[in-house]
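J.: A single structure is presented below for examination.
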Amino acid sequence: MTFELRGPVLEGESVRLEPLEHRHVADLAVAAEEDRDTYAFTWVPRADEVAAYIDAQLARAATGRLAPYAQVSLATGRAVGATSYWEPRYWRSDDRLDAVEVGFTWLARSAQGTGVNSEAKLLLFRHAFEKWGVARVDLKTDARNSRSRAAIESVGARFEGVLRNWSRSWAPGEDGLLRDSAIYSVTAQEWPECREKLEARVARRRVGGERG
């Protein structure tokens, strides 16, 4: 395989996506503990687990299956969450990326609803479609996670269905159990319209409009 799943620094007006490193440990430890009630179905490390969490993400990155990021608020200069490119697929040739997932995403409570999520998705989608030339970007979440599903739908991804017993559950008290996963995507054909809506959403947020 000649294509390497490595994400460059991606910077917008409110967020900079930096390749995840151990220098982000202190900020992410604070971010992860702000209000854990918002993480009911999402894998978010405790403060004392962040270093090991980064080790695990970097180990996945070494296999070529993950390109992890820290989400850095440009207003504060601090990392406020994480996200990743994940599960690359090469259907037509080894040197052409056909599809990739955006996942392993979480934000500190104070960063939710500030526009960071929308702009981060804009940056990730734009790079995947316009630099890598992918045919689709996937997103998935626990089918019960209404907050996450609303956030995914708000950035223009289309719901494709629920895959039953699809992946590990991260819900409290469900260790060792599987979850149903809601699957979303944006295709290359849909990207221009999605990009236009995301850019407008980010611009509205920049002047104090809608949350997202």
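Naming scheme: A, B, ... for chains in displayed order of the structure tokens; residues 1 onward per chain; ligands 1 onward as shown.
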Give me the residues near Leu17 in chain A as an MDAnalysis selection string, where near means some atom within 12 Å (using only C-alpha atoms) and where sequence neighbours in that chain fewer than 3 positions away do not count.
T.: chainID A and resid 7:14 20:21 24 67:74 77:85 105 116:117 119:124 127
J.: From a backbone DSSP assignment, name each residue in range 29-105 of chain A labelled alpha helix (DSSP H), as JSON, numbers by chain.
T.: {"A": [29, 30, 31, 32, 50, 51, 52, 53, 54, 55, 56, 57, 58, 59, 60, 61, 62]}
J.: Using only C-alpha atoms for the distances, tell me which of A:Arg144, A:Arg92, A:Arg36, A:Lys197 is nearest to Ser169 in chain A.
T.: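 Ranking A:Arg144, A:Arg92, A:Arg36, A:Lys197 by distance to Ser169 in chain A, first place goes to A:Arg144.
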J.: So which one's closest to Asp175 in chain A, A:Ser118, A:Arg205, A:Trp43, A:Thr38? Using only C-alpha atoms, please.
T.: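 Going through A:Ser118, A:Arg205, A:Trp43, A:Thr38 one by one, the smallest distance to Asp175 in chain A is for A:Trp43.
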J.: Enumerate, as a ChimeraX atom specification, the complete set of residues in range 2-200 of chain A that a backbone-based DSSP assignment places in strand (DSSP E).
T.: /A:10-11,15-19,66-73,79-89,99-107,136-142,158-168,178-187
J.: Go through range 113-152 of chain A residue by residue and, counting only C-alpha atoms, keep those with an atom at most 12 Å from range 177-186 of chain A; for each kept residue give the shortest atom pair and its distance in Å to one decimal, ordered by chain and increasing number, as a tab-separated table.
T.:
residue	atom	partner	partner_atom	distance
A:Lys121	CA	A:Val186	CA	11.2
A:Leu122	CA	A:Val186	CA	11.6
A:Leu124	CA	A:Val186	CA	11.9
A:Phe125	CA	A:Val186	CA	8.6
A:Arg126	CA	A:Val186	CA	11.2
A:Ala128	CA	A:Val186	CA	10.9
A:Phe129	CA	A:Val186	CA	9.7
A:Val134	CA	A:Val186	CA	10.2
A:Ala135	CA	A:Val186	CA	8.6
A:Arg136	CA	A:Val186	CA	5.6
A:Val137	CA	A:Val186	CA	5.3
A:Asp138	CA	A:Ser185	CA	4.4
A:Leu139	CA	A:Tyr184	CA	5.1
A:Lys140	CA	A:Ile183	CA	4.6
A:Thr141	CA	A:Ser181	CA	5.4
A:Asp142	CA	A:Ser181	CA	4.7
A:Ala143	CA	A:Ala182	CA	4.7
A:Arg144	CA	A:Asp180	CA	8.0
A:Asn145	CA	A:Ala182	CA	8.9
A:Ser146	CA	A:Ala182	CA	10.2
A:Ser148	CA	A:Ala182	CA	10.0
A:Arg149	CA	A:Ala182	CA	7.9
A:Ala150	CA	A:Tyr184	CA	11.3
A:Ala151	CA	A:Tyr184	CA	11.3
A:Ile152	CA	A:Tyr184	CA	7.7
J.: What lies within 6 Å of Thr42 in chain A using only C-alpha atoms, ignoring chain neighbours under 2 positions off, as a PyMOL selection string?
T.: chain A and resi 39-40+170
